[in-house]
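Participant: For reference, the file start_37.txt (compact mmCIF, C-alpha atoms and all ligand atoms) is included below:
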```
# COMPACT_ATOMS: atom_id res chain seq x y z
CA MET G 6 0.00 0.00 0.00
CA ALA G 7 1.27 3.46 -0.90
CA LYS G 8 1.76 6.69 1.03
CA ILE G 9 0.02 9.45 -0.88
CA LEU G 10 -0.10 13.19 -0.30
CA VAL G 11 -3.42 14.66 -1.40
CA THR G 12 -3.36 18.46 -1.45
CA GLY G 13 -6.75 20.13 -1.21
CA ALA G 14 -8.05 17.14 0.78
CA ALA G 15 -10.70 19.30 2.47
CA GLY G 16 -11.90 20.42 -0.96
CA PHE G 17 -14.60 18.82 -3.08
CA ILE G 18 -12.53 16.55 -5.34
CA GLY G 19 -9.70 16.15 -2.81
CA TYR G 20 -12.14 14.78 -0.24
CA HIS G 21 -13.54 12.19 -2.66
CA ALA G 22 -10.08 11.19 -3.91
CA SER G 23 -8.76 10.82 -0.34
CA ARG G 24 -11.74 8.75 0.65
CA ARG G 25 -11.37 6.36 -2.30
CA LEU G 26 -7.66 5.87 -1.59
CA LEU G 27 -8.28 5.25 2.12
CA GLU G 28 -10.99 2.73 1.26
CA GLN G 29 -8.44 0.96 -0.93
CA GLY G 30 -6.11 0.74 2.09
CA HIS G 31 -3.59 3.45 1.17
CA GLU G 32 -2.14 5.90 3.67
CA VAL G 33 -3.21 9.45 2.92
CA VAL G 34 -1.75 12.69 4.18
CA GLY G 35 -4.21 15.47 3.41
CA LEU G 36 -2.93 19.04 3.10
CA ASP G 37 -5.23 22.05 2.94
CA ASN G 38 -5.16 25.63 4.21
CA MET G 39 -8.96 25.69 4.71
CA ASN G 40 -9.17 28.99 2.82
CA LEU G 41 -12.26 31.17 3.03
CA TYR G 42 -13.23 31.03 -0.65
CA TYR G 43 -16.38 29.27 0.50
CA ASP G 44 -18.02 28.03 3.71
CA VAL G 45 -15.29 26.44 5.85
CA SER G 46 -17.82 24.30 7.72
CA LEU G 47 -18.35 22.31 4.52
CA LYS G 48 -14.59 21.63 4.40
CA GLU G 49 -14.66 20.64 8.07
CA GLY G 50 -17.59 18.34 7.32
CA ARG G 51 -15.59 16.58 4.64
CA LEU G 52 -12.58 16.21 6.96
CA ALA G 53 -14.84 14.78 9.67
CA GLU G 54 -15.69 11.99 7.21
CA LEU G 55 -11.99 11.28 6.56
CA ARG G 56 -10.67 11.44 10.14
CA PRO G 57 -12.08 8.06 11.29
CA PHE G 58 -9.85 6.26 8.76
CA PRO G 59 -6.69 5.14 10.66
CA GLY G 60 -4.60 5.75 7.52
CA PHE G 61 -5.53 9.45 7.36
CA ARG G 62 -3.49 12.36 8.70
CA PHE G 63 -4.31 16.02 8.14
CA VAL G 64 -1.83 18.87 7.79
CA LYS G 65 -3.21 22.41 7.82
CA ALA G 66 -0.78 24.37 5.68
CA SER G 67 -0.63 26.65 2.68
CA LEU G 68 1.00 25.75 -0.61
CA GLU G 69 2.87 29.04 -0.39
CA ASP G 70 4.70 27.74 2.71
CA ALA G 71 7.61 25.96 0.99
CA GLU G 72 8.89 24.40 4.19
CA ALA G 73 5.52 22.91 5.13
CA VAL G 74 5.05 21.54 1.60
CA ASP G 75 8.53 20.01 1.75
CA LEU G 76 7.78 18.29 5.05
CA ALA G 77 4.52 16.93 3.68
CA VAL G 78 6.09 15.58 0.46
CA GLU G 79 9.07 13.92 2.16
CA GLY G 80 8.58 10.16 2.40
CA MET G 81 5.60 10.04 0.02
CA ASP G 82 5.29 7.54 -2.85
CA ALA G 83 3.03 9.81 -4.86
CA VAL G 84 1.44 13.25 -4.76
CA ILE G 85 -2.06 14.08 -5.98
CA HIS G 86 -2.12 17.84 -6.18
CA LEU G 87 -5.67 19.18 -6.13
CA ALA G 88 -5.33 22.29 -3.95
CA ALA G 89 -5.82 25.46 -5.94
CA GLN G 90 -7.80 28.63 -6.05
CA ALA G 91 -10.61 27.41 -8.27
CA GLY G 92 -13.38 29.33 -10.02
CA VAL G 93 -13.38 31.41 -13.18
CA ARG G 94 -15.54 34.35 -12.12
CA TYR G 95 -13.69 34.97 -8.81
CA SER G 96 -10.42 35.31 -10.74
CA LEU G 97 -11.70 38.52 -12.33
CA GLU G 98 -11.77 40.28 -8.94
CA ASN G 99 -9.06 38.43 -7.03
CA PRO G 100 -6.22 37.83 -9.48
CA ARG G 101 -3.35 37.73 -6.98
CA VAL G 102 -4.57 34.75 -5.00
CA TYR G 103 -4.59 32.70 -8.23
CA VAL G 104 -0.94 33.36 -8.92
CA GLN G 105 -0.02 32.77 -5.26
CA SER G 106 -1.87 29.47 -4.82
CA ASN G 107 -1.77 28.08 -8.34
CA VAL G 108 1.60 29.23 -9.63
CA VAL G 109 3.84 29.87 -6.59
CA GLY G 110 2.11 27.00 -4.74
CA PHE G 111 2.61 24.65 -7.68
CA LEU G 112 6.27 25.63 -7.90
CA ASN G 113 6.66 24.59 -4.25
CA ILE G 114 5.08 21.23 -5.02
CA LEU G 115 7.46 20.71 -7.96
CA GLU G 116 10.50 21.77 -5.93
CA SER G 117 9.58 19.40 -3.10
CA CYS G 118 9.05 16.53 -5.54
CA ARG G 119 12.46 17.29 -6.96
CA ALA G 120 14.09 17.32 -3.49
CA HIS G 121 12.23 14.16 -2.38
CA PRO G 122 11.58 12.25 -5.62
CA VAL G 123 8.15 10.67 -5.77
CA LYS G 124 7.10 7.94 -8.19
CA HIS G 125 4.34 10.10 -9.65
CA LEU G 126 2.99 13.63 -9.40
CA VAL G 127 -0.63 13.78 -10.56
CA TYR G 128 -2.09 17.29 -10.66
CA ALA G 129 -5.36 18.98 -11.52
CA SER G 130 -5.55 21.01 -14.67
CA SER G 131 -8.86 22.12 -16.13
CA SER G 132 -11.03 22.13 -19.24
CA SER G 133 -10.80 25.93 -19.01
CA VAL G 134 -7.36 25.73 -20.71
CA TYR G 135 -9.25 25.08 -23.97
CA GLY G 136 -10.62 28.64 -23.83
CA GLY G 137 -12.99 29.28 -26.71
CA ASN G 138 -11.76 26.23 -28.66
CA LYS G 139 -14.29 25.62 -31.45
CA LYS G 140 -13.09 22.14 -32.42
CA MET G 141 -15.21 19.51 -30.70
CA PRO G 142 -14.52 17.31 -28.82
CA PHE G 143 -11.56 18.87 -27.01
CA SER G 144 -8.44 16.76 -27.43
CA THR G 145 -5.15 17.08 -25.56
CA GLU G 146 -3.63 17.34 -29.07
CA ASP G 147 -5.44 20.67 -29.66
CA ARG G 148 -3.47 23.87 -29.50
CA VAL G 149 -4.35 25.63 -26.26
CA ASP G 150 -2.63 28.95 -25.85
CA HIS G 151 -5.63 31.26 -25.75
CA PRO G 152 -6.90 31.18 -22.15
CA VAL G 153 -9.80 33.56 -21.49
CA SER G 154 -9.50 33.79 -17.68
CA LEU G 155 -6.60 34.15 -15.28
CA TYR G 156 -7.70 30.88 -13.66
CA ALA G 157 -7.24 29.10 -17.00
CA ALA G 158 -3.87 30.80 -17.49
CA THR G 159 -2.63 29.49 -14.12
CA LYS G 160 -3.75 25.96 -15.01
CA LYS G 161 -1.99 26.14 -18.38
CA SER G 162 1.09 27.44 -16.51
CA ASN G 163 0.98 24.33 -14.34
CA GLU G 164 1.16 22.12 -17.42
CA LEU G 165 4.14 24.08 -18.75
CA MET G 166 5.94 24.05 -15.40
CA ALA G 167 5.30 20.32 -14.99
CA HIS G 168 6.85 19.73 -18.38
CA VAL G 169 10.03 21.53 -17.33
CA TYR G 170 10.41 19.43 -14.18
CA SER G 171 9.66 16.20 -16.07
CA HIS G 172 12.18 17.17 -18.73
CA LEU G 173 14.98 18.45 -16.50
CA PHE G 174 14.63 16.24 -13.44
CA ASP G 175 12.83 13.14 -14.74
CA LEU G 176 9.88 13.79 -12.46
CA PRO G 177 6.96 11.67 -13.76
CA THR G 178 3.98 14.00 -14.04
CA THR G 179 0.41 13.53 -15.23
CA GLY G 180 -1.85 16.56 -15.65
CA LEU G 181 -5.58 15.91 -15.62
CA ARG G 182 -7.94 18.36 -17.27
CA PHE G 183 -11.18 17.96 -15.34
CA PHE G 184 -14.48 18.94 -16.95
CA THR G 185 -17.18 20.66 -14.79
CA VAL G 186 -17.39 18.35 -11.77
CA TYR G 187 -20.56 17.84 -9.72
CA GLY G 188 -21.78 15.45 -7.03
CA PRO G 189 -22.27 15.12 -3.24
CA TRP G 190 -20.14 17.53 -1.16
CA GLY G 191 -20.00 19.77 -4.26
CA ARG G 192 -18.69 23.31 -4.27
CA PRO G 193 -21.20 25.97 -3.15
CA ASP G 194 -19.99 28.42 -5.83
CA MET G 195 -20.90 26.12 -8.73
CA ALA G 196 -24.15 25.97 -10.68
CA PRO G 197 -25.53 22.65 -9.28
CA THR G 198 -25.41 23.98 -5.69
CA LEU G 199 -26.47 27.54 -6.53
CA PHE G 200 -29.42 26.27 -8.58
CA THR G 201 -30.50 23.66 -6.03
CA GLN G 202 -30.38 26.15 -3.19
CA ALA G 203 -32.39 28.74 -5.12
CA ILE G 204 -35.01 26.26 -6.33
CA LEU G 205 -35.52 24.89 -2.82
CA GLU G 206 -35.84 28.42 -1.41
CA GLY G 207 -38.21 29.46 -4.21
CA LYS G 208 -35.75 32.08 -5.50
CA PRO G 209 -34.91 32.79 -9.17
CA ILE G 210 -31.82 31.26 -10.76
CA LYS G 211 -29.40 33.14 -13.03
CA VAL G 212 -28.99 31.39 -16.36
CA PHE G 213 -26.05 32.83 -18.26
CA ASN G 214 -25.83 33.04 -22.07
CA ASN G 215 -29.61 32.57 -22.02
CA GLY G 216 -29.02 28.91 -21.19
CA ASP G 217 -27.39 28.35 -24.57
CA MET G 218 -24.23 26.97 -23.05
CA ARG G 219 -23.09 23.39 -23.22
CA ARG G 220 -21.14 21.81 -20.39
CA ASP G 221 -19.59 18.37 -20.12
CA PHE G 222 -20.82 17.86 -16.53
CA THR G 223 -18.86 15.01 -14.94
CA TYR G 224 -19.78 13.06 -11.82
CA VAL G 225 -17.17 13.31 -9.08
CA GLY G 226 -17.01 9.51 -8.68
CA ASP G 227 -15.94 9.23 -12.33
CA ILE G 228 -13.32 11.95 -11.87
CA VAL G 229 -11.88 10.03 -8.92
CA SER G 230 -11.90 6.76 -10.91
CA GLY G 231 -9.88 8.56 -13.58
CA ILE G 232 -7.39 9.93 -11.03
CA VAL G 233 -6.93 6.55 -9.36
CA SER G 234 -6.60 4.77 -12.70
CA VAL G 235 -3.47 6.73 -13.64
CA LEU G 236 -1.86 6.82 -10.21
CA ASP G 237 0.12 3.58 -10.48
CA ARG G 238 0.89 4.12 -14.16
CA PRO G 239 3.44 6.95 -14.14
CA PRO G 240 4.75 8.03 -17.53
CA VAL G 241 8.28 6.90 -18.38
CA ARG G 242 10.94 8.72 -20.35
CA GLU G 243 11.10 7.65 -23.98
CA GLY G 244 14.24 9.00 -25.58
CA GLU G 245 13.84 12.75 -25.92
CA ASN G 246 10.33 12.65 -24.51
CA ALA G 247 10.14 13.57 -20.85
CA PRO G 248 7.99 11.47 -18.47
CA TYR G 249 5.16 13.95 -18.95
CA ARG G 250 1.54 13.38 -19.85
CA LEU G 251 -1.82 15.10 -20.05
CA PHE G 252 -5.30 13.62 -20.07
CA ASN G 253 -8.86 14.88 -20.19
CA ILE G 254 -11.28 13.49 -17.64
CA GLY G 255 -14.86 14.24 -18.57
CA ASN G 256 -18.22 12.68 -19.30
CA SER G 257 -17.85 13.20 -23.08
CA GLU G 258 -21.55 14.08 -23.24
CA PRO G 259 -22.06 17.84 -23.16
CA VAL G 260 -25.56 19.01 -22.30
CA GLN G 261 -27.32 22.33 -22.72
CA LEU G 262 -27.59 24.24 -19.47
CA LEU G 263 -31.39 24.30 -19.86
CA ARG G 264 -31.45 20.48 -20.09
CA PHE G 265 -29.27 20.29 -16.98
CA ILE G 266 -31.78 22.51 -15.15
CA GLU G 267 -34.63 20.27 -16.32
CA ILE G 268 -32.97 17.19 -14.81
CA LEU G 269 -32.36 19.13 -11.61
CA GLU G 270 -35.99 20.30 -11.46
CA HIS G 271 -37.12 16.72 -11.89
CA ALA G 272 -34.82 15.48 -9.08
CA ILE G 273 -35.97 18.26 -6.73
CA GLY G 274 -39.62 17.99 -7.76
CA ARG G 275 -40.03 21.74 -8.32
CA GLU G 276 -39.76 24.09 -11.25
CA ALA G 277 -37.08 26.79 -11.33
CA GLU G 278 -37.81 30.45 -11.95
CA LYS G 279 -35.19 31.27 -14.61
CA VAL G 280 -33.67 34.68 -15.23
CA LEU G 281 -31.94 34.62 -18.61
CA LEU G 282 -28.73 36.68 -18.71
CA PRO G 283 -25.94 37.31 -21.23
CA MET G 284 -22.62 35.48 -21.26
CA GLN G 285 -20.21 36.35 -18.41
CA PRO G 286 -16.66 37.51 -19.16
CA GLY G 287 -14.23 34.61 -18.87
CA ASP G 288 -16.91 31.99 -19.59
CA VAL G 289 -16.82 29.73 -22.65
CA PRO G 290 -19.86 28.62 -24.70
CA ALA G 291 -19.14 24.87 -24.69
CA THR G 292 -16.92 22.15 -23.25
CA PHE G 293 -16.68 18.59 -24.57
CA SER G 294 -13.98 16.10 -23.54
CA ASP G 295 -12.31 13.50 -25.68
CA THR G 296 -11.08 10.91 -23.16
CA SER G 297 -10.03 8.23 -25.65
CA ASP G 298 -6.31 8.43 -24.79
CA LEU G 299 -7.06 7.86 -21.09
CA GLU G 300 -9.34 4.99 -22.03
CA ARG G 301 -6.58 3.41 -24.11
CA LEU G 302 -4.15 3.54 -21.18
CA THR G 303 -6.37 2.61 -18.24
CA GLY G 304 -9.73 1.50 -19.61
CA PHE G 305 -11.32 4.61 -18.04
CA ARG G 306 -14.92 5.31 -19.01
CA PRO G 307 -17.32 7.67 -17.27
CA LEU G 308 -20.12 5.57 -15.82
CA THR G 309 -22.55 8.07 -14.31
CA SER G 310 -25.14 9.85 -16.44
CA LEU G 311 -26.64 13.16 -15.30
CA GLU G 312 -29.95 11.34 -14.78
CA GLU G 313 -28.23 9.14 -12.17
CA GLY G 314 -25.75 11.64 -10.74
CA ILE G 315 -28.02 14.64 -10.19
CA PRO G 316 -30.49 12.79 -7.90
CA GLN G 317 -27.51 11.60 -5.83
CA PHE G 318 -26.34 15.19 -5.50
CA VAL G 319 -29.81 16.45 -4.59
CA GLU G 320 -30.28 13.69 -2.00
CA TRP G 321 -26.95 14.59 -0.37
CA TYR G 322 -27.79 18.31 -0.48
CA ARG G 323 -31.13 17.87 1.27
CA ARG G 324 -29.62 15.63 3.93
CA TYR G 325 -26.59 17.84 4.56
CA TYR G 326 -28.47 21.14 4.67
CA ALA G 327 -31.57 19.54 6.23
CA ILE G 328 -33.91 21.14 3.68
P1 LIG M 1 -12.15 23.17 -3.90
O1 LIG M 1 -12.05 24.65 -3.78
O2 LIG M 1 -13.35 22.51 -3.30
O3 LIG M 1 -10.86 22.47 -3.31
C1 LIG M 1 -9.59 23.08 -3.30
C2 LIG M 1 -9.05 22.98 -1.89
O4 LIG M 1 -7.73 23.54 -1.91
C3 LIG M 1 -9.85 23.79 -0.87
O5 LIG M 1 -10.22 22.98 0.23
C4 LIG M 1 -8.91 24.92 -0.45
O6 LIG M 1 -9.03 25.23 0.95
C5 LIG M 1 -7.55 24.34 -0.78
N1 LIG M 1 -6.59 25.40 -1.13
C6 LIG M 1 -6.76 26.43 -1.98
N2 LIG M 1 -5.66 27.19 -2.04
C7 LIG M 1 -4.77 26.61 -1.20
C8 LIG M 1 -3.44 26.93 -0.82
N3 LIG M 1 -2.83 28.01 -1.31
N4 LIG M 1 -2.81 26.12 0.06
C9 LIG M 1 -3.42 25.02 0.57
N5 LIG M 1 -4.69 24.68 0.25
C10 LIG M 1 -5.35 25.46 -0.62
O7 LIG M 1 -12.06 22.84 -5.46
P2 LIG M 1 -12.32 21.47 -6.24
O8 LIG M 1 -13.53 21.66 -7.06
O9 LIG M 1 -12.24 20.30 -5.32
O10 LIG M 1 -11.07 21.47 -7.22
C11 LIG M 1 -9.93 20.64 -7.02
C12 LIG M 1 -8.96 20.87 -8.16
O11 LIG M 1 -9.57 20.53 -9.39
C13 LIG M 1 -8.51 22.32 -8.30
O12 LIG M 1 -7.16 22.34 -8.70
C14 LIG M 1 -9.39 22.85 -9.40
O13 LIG M 1 -8.77 23.95 -10.07
C15 LIG M 1 -9.50 21.63 -10.29
N6 LIG M 1 -10.70 21.61 -11.13
C16 LIG M 1 -11.95 21.53 -10.58
C17 LIG M 1 -13.06 21.50 -11.42
C18 LIG M 1 -14.47 21.41 -10.87
O14 LIG M 1 -15.42 21.44 -11.67
N7 LIG M 1 -14.68 21.27 -9.57
C19 LIG M 1 -12.90 21.53 -12.82
C20 LIG M 1 -11.61 21.60 -13.34
C21 LIG M 1 -10.52 21.62 -12.50
```
Rewrite the coordinates I just gave you, this time as structure tokens.
Ligand code: NAD
Facilitator:
Amino acid sequence: MAKILVTGAAGFIGYHASRRLLEQGHEVVGLDNMNLYYDVSLKEGRLAELRPFPGFRFVKASLEDAEAVDLAVEGMDAVIHLAAQAGVRYSLENPRVYVQSNVVGFLNILESCRAHPVKHLVYASSSSVYGGNKKMPFSTEDRVDHPVSLYAATKKSNELMAHVYSHLFDLPTTGLRFFTVYGPWGRPDMAPTLFTQAILEGKPIKVFNNGDMRRDFTYVGDIVSGIVSVLDRPPVREGENAPYRLFNIGNSEPVQLLRFIEILEHAIGREAEKVLLPMQPGDVPATFSDTSDLERLTGFRPLTSLEEGIPQFVEWYRRYYAI
């Protein structure tokens, strides 16, 4: 069984990834600074679920603290780096925190992995790196150098920085571009939670780009299956090619936002009052993942349709918020 550092373990995806690894019998060190981007009690709730596992240890530290990151990485077999300042819209008003957490923080992770070599560094990138890419589905072969938000630019920077460390120091790295993730314990700043909350409280929901937006919504359990599937398959150097790799993880079935809302209304049993609004700066009209290269390597396939995943989210939401 392996010793794995999961950064962002109190976060949405980090919690689910940690849990899956603990259930498989691995030792997990979770690192998170419990930042105030959203309700900390939700992060504490996730940690409360992880603490009973004897293989779990939590370190409260910031990625910007190079010494703390170093201590956490030392002795690890692998690192799953999920801590980041997420969110596209927030990056318009708070640009500095993105560079601090996502660029400086990522540099600290890379430096620590260089000082204490791990077998594999797996890190979160994002579908946002595709920007306004018109070619569907999005493939990791596509040219992506036109980010339309600072968040996307920091994620693209991570891919570039990872390449340097793979190339210069033979650090095996796999970047995973996640596509809009939803599910139990989901982030309160994302549409599924915002919509569910508003519908249950009888308040209107804001539907951007008049609902004419397609998103490749992906169930968190499938994201975690993708992460776990690559973990023990680090890339190897092949001649001039560094041990560096990128994959998409998505549902490969984009749906119109209005269809998403319909499924949500059905799961909640109430109709939403929709306020149609124009496109927000930094947003993109569509996302659509091509995951065939990941499937070839690991057999990964997303298993959860929106019709199955949304009711699971709604059930968790009602239980957690007692509504
Ligand atoms: P999240 O905000 O729920 O989790 C991130 C966690 O990292 C939080 O608990 C936060 O406290 C922690 N964190 C943030 N900055 C930190 C810092 N400087 N030092 C230490 N801890 C810090 O977000 P999530 O949805 O679980 O996202 C996980 C990763 O996946 C992120 O890298 C995100 O950019 C990426 N991602 C998420 C989605 C999605 O739809 N949720 C899509 C694409 C990519």
Participant: Within 12 Å of (5.7, 20.7, 5.9) (coordinates as in the file), grab all the protein and nucleic acid residues, counting all atoms listed in the file, and write them out as a PyMOL selection string.
Facilitator: chain G and resi 10+12+34-37+63-80+113-114+117
Participant: Which residues form the shell of 6 Å around ligand LIG 1 (chain M) when you count only C-alpha atoms and all ligand atoms, given as a list in words?
Facilitator: Gly13, Ala15, Gly16, Phe17, Ile18, Gly19, Asp37, Asn38, Met39, Asn40, Ala66, Ser67, Leu68, Glu69, Leu87, Ala88, Ala89, Gln90, Ala91, Ser106, Ala129, Ser130, Ser131, Ser132, Phe183, Phe184, Thr185, Val186 and Arg192 of chain G
Participant: Kindly save the residues from that selection, with C-alpha atoms included, as a PDB file, in the frame of the given file.
Facilitator:
```pdb
ATOM      1  CA  GLY G  13      -6.750  20.130  -1.210  1.00  0.00           C
ATOM      2  CA  ALA G  15     -10.700  19.300   2.470  1.00  0.00           C
ATOM      3  CA  GLY G  16     -11.900  20.420  -0.960  1.00  0.00           C
ATOM      4  CA  PHE G  17     -14.600  18.820  -3.080  1.00  0.00           C
ATOM      5  CA  ILE G  18     -12.530  16.550  -5.340  1.00  0.00           C
ATOM      6  CA  GLY G  19      -9.700  16.150  -2.810  1.00  0.00           C
ATOM      7  CA  ASP G  37      -5.230  22.050   2.940  1.00  0.00           C
ATOM      8  CA  ASN G  38      -5.160  25.630   4.210  1.00  0.00           C
ATOM      9  CA  MET G  39      -8.960  25.690   4.710  1.00  0.00           C
ATOM     10  CA  ASN G  40      -9.170  28.990   2.820  1.00  0.00           C
ATOM     11  CA  ALA G  66      -0.780  24.370   5.680  1.00  0.00           C
ATOM     12  CA  SER G  67      -0.630  26.650   2.680  1.00  0.00           C
ATOM     13  CA  LEU G  68       1.000  25.750  -0.610  1.00  0.00           C
ATOM     14  CA  GLU G  69       2.870  29.040  -0.390  1.00  0.00           C
ATOM     15  CA  LEU G  87      -5.670  19.180  -6.130  1.00  0.00           C
ATOM     16  CA  ALA G  88      -5.330  22.290  -3.950  1.00  0.00           C
ATOM     17  CA  ALA G  89      -5.820  25.460  -5.940  1.00  0.00           C
ATOM     18  CA  GLN G  90      -7.800  28.630  -6.050  1.00  0.00           C
ATOM     19  CA  ALA G  91     -10.610  27.410  -8.270  1.00  0.00           C
ATOM     20  CA  SER G 106      -1.870  29.470  -4.820  1.00  0.00           C
ATOM     21  CA  ALA G 129      -5.360  18.980 -11.520  1.00  0.00           C
ATOM     22  CA  SER G 130      -5.550  21.010 -14.670  1.00  0.00           C
ATOM     23  CA  SER G 131      -8.860  22.120 -16.130  1.00  0.00           C
ATOM     24  CA  SER G 132     -11.030  22.130 -19.240  1.00  0.00           C
ATOM     25  CA  PHE G 183     -11.180  17.960 -15.340  1.00  0.00           C
ATOM     26  CA  PHE G 184     -14.480  18.940 -16.950  1.00  0.00           C
ATOM     27  CA  THR G 185     -17.180  20.660 -14.790  1.00  0.00           C
ATOM     28  CA  VAL G 186     -17.390  18.350 -11.770  1.00  0.00           C
ATOM     29  CA  ARG G 192     -18.690  23.310  -4.270  1.00  0.00           C
TER      30      ARG G 192
END
```
Participant: Determine, counting only C-alpha atoms, which protein, DNA and RNA residues have an atom within 9 Å of an atom of G:Ser171; residues of the same chain fewer than 3 positions away are not included. Present the result as a PyMOL selection string.
Facilitator: chain G and resi 166-168+174-178+242+247-249
Participant: Closest to G:His172 among G:Leu26, G:Val241, G:Leu205, G:Leu236, using only C-alpha atoms?
Facilitator: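 The shortest atom-to-atom distance to G:His172 comes from G:Val241.
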Participant: Restricting the calculation to all atoms listed in the file, which member of G:Ile85, G:Ala158, G:Val33, G:Leu41 is positioned closest to G:Val233?
Facilitator: G:Ile85
Participant: For G:Asp237, which residue among G:Thr179, G:Leu311, G:Thr159, G:Val134 is the nearest when counting only C-alpha atoms?
Facilitator: G:Thr179
Participant: What is the atom CA of G:Pro59-atom CA of G:Val84 distance in Å, reported with one decimal?
Facilitator: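 Separating atom CA of G:Pro59 from atom CA of G:Val84 is a distance of 19.2 Å.
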Participant: Which residue out of G:Pro290, G:Gly191, G:Gly274, G:Gly180 has the minimum interatomic distance to G:Phe252 when all atoms listed in the file are used?
Facilitator: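 Between G:Pro290, G:Gly191, G:Gly274, G:Gly180, the residue approaching G:Phe252 most closely is G:Gly180.
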Participant: What separation in Å, quoted to one decimal, exists between atom CA of G:Tyr156 and atom CA of G:Gly216?
Facilitator: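 Separation between atom CA of G:Tyr156 and atom CA of G:Gly216: 22.7 Å.
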Participant: Would you work out the distance separating atom CA of G:Leu97 from atom CA of G:Asn163, expressed in Å to one decimal?
Facilitator: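 Going from atom CA of G:Leu97 over to atom CA of G:Asn163, I get 19.1 Å.
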Participant: Using all atoms listed in the file, which residues sit within 9 Å of G:Leu55 once same-chain residues fewer than 5 positions away are excluded, as a list in words?
Facilitator: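 So, after excluding close chain neighbours, the residues are Tyr20, Ser23, Arg24, Leu27, Phe61 and Arg62 of chain G.
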Participant: Using all atoms listed in the file, find the one residue out of G:Val229, G:Ala14, G:Leu269, G:Ile9 that sits nearest to G:Met81.
Facilitator: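 Once distances to G:Met81 are computed over all atoms listed in the file, the minimum belongs to G:Ile9.
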Participant: Taking all atoms of stretch 82-87 of chain G that the file lists and extending 3 Å past them on each side, where is the centre of the axis-aligned box and how long are its edges? Answer in Å to one decimal, as JSON.
Facilitator:
```
{"center_x": -0.2, "center_y": 13.4, "center_z": -4.5, "size_x": 17.0, "size_y": 17.6, "size_z": 9.3}
```
Participant: Is there a way to get, as a list in words, all residues within 6 Å of the point (-0.4, 15.6, -23.6) in file coordinates, counting all atoms listed in the file?
Facilitator: Thr145, Arg250 and Leu251 of chain G
Participant: Identify which of the residues G:Asp82, G:Leu165, G:Glu206, G:Ile254 lies closest to G:Val225, counting only C-alpha atoms when measuring atom-to-atom distances.
Facilitator: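 Ranked by minimum distance to G:Val225, first place goes to G:Ile254.
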Participant: Any idea what's packed within 9 Å of G:Gly255, counting all atoms listed in the file, ignoring anything in its chain fewer than 4 positions away? Could you give it as a ChimeraX atom specification?
Facilitator: /G:132,182-186,221-224,227-228,293-296,306-307
Participant: Any chance you could export the current selection's C-alpha atoms as a short mmCIF file (atom, residue, chain, number, x, y, z; two decimals), in the frame of the given file?
Facilitator:
```cif
data_model
loop_
_atom_site.label_atom_id
_atom_site.label_comp_id
_atom_site.auth_asym_id
_atom_site.auth_seq_id
_atom_site.Cartn_x
_atom_site.Cartn_y
_atom_site.Cartn_z
CA SER G 132 -11.03 22.13 -19.24
CA ARG G 182 -7.94 18.36 -17.27
CA PHE G 183 -11.18 17.96 -15.34
CA PHE G 184 -14.48 18.94 -16.95
CA THR G 185 -17.18 20.66 -14.79
CA VAL G 186 -17.39 18.35 -11.77
CA ASP G 221 -19.59 18.37 -20.12
CA PHE G 222 -20.82 17.86 -16.53
CA THR G 223 -18.86 15.01 -14.94
CA TYR G 224 -19.78 13.06 -11.82
CA ASP G 227 -15.94 9.23 -12.33
CA ILE G 228 -13.32 11.95 -11.87
CA PHE G 293 -16.68 18.59 -24.57
CA SER G 294 -13.98 16.10 -23.54
CA ASP G 295 -12.31 13.50 -25.68
CA THR G 296 -11.08 10.91 -23.16
CA ARG G 306 -14.92 5.31 -19.01
CA PRO G 307 -17.32 7.67 -17.27
#
```
Participant: Can you pull out every residue within 9 Å of G:Gly137, counting all atoms listed in the file, but drop anything in the same chain fewer than 2 positions away, and send it as a PyMOL selection string?
Facilitator: chain G and resi 133-135+139+151-153+288-292
Participant: Write stretch 251-258 of chain G as a compact mmCIF listing (two decimals), keeping the file's coordinate frame, completed to N, CA and C atoms.
Facilitator:
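File produced: rebuild.txt:
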```
# COMPACT_ATOMS: atom_id res chain seq x y z
N LEU G 251 -0.59 14.35 -20.33
CA LEU G 251 -1.82 15.10 -20.05
C LEU G 251 -3.02 14.27 -20.49
N PHE G 252 -4.07 14.30 -19.68
CA PHE G 252 -5.30 13.62 -20.07
C PHE G 252 -6.50 14.52 -19.79
N ASN G 253 -7.56 14.33 -20.55
CA ASN G 253 -8.86 14.88 -20.19
C ASN G 253 -9.58 13.87 -19.30
N ILE G 254 -10.32 14.37 -18.31
CA ILE G 254 -11.28 13.49 -17.64
C ILE G 254 -12.63 14.19 -17.67
N GLY G 255 -13.54 13.63 -18.43
CA GLY G 255 -14.86 14.24 -18.57
C GLY G 255 -15.89 13.18 -18.92
N ASN G 256 -17.12 13.62 -19.03
CA ASN G 256 -18.22 12.68 -19.30
C ASN G 256 -18.39 12.43 -20.79
N SER G 257 -17.76 13.28 -21.61
CA SER G 257 -17.85 13.20 -23.08
C SER G 257 -19.28 13.26 -23.58
N GLU G 258 -20.15 13.92 -22.81
CA GLU G 258 -21.55 14.08 -23.24
C GLU G 258 -22.06 15.47 -22.84
```
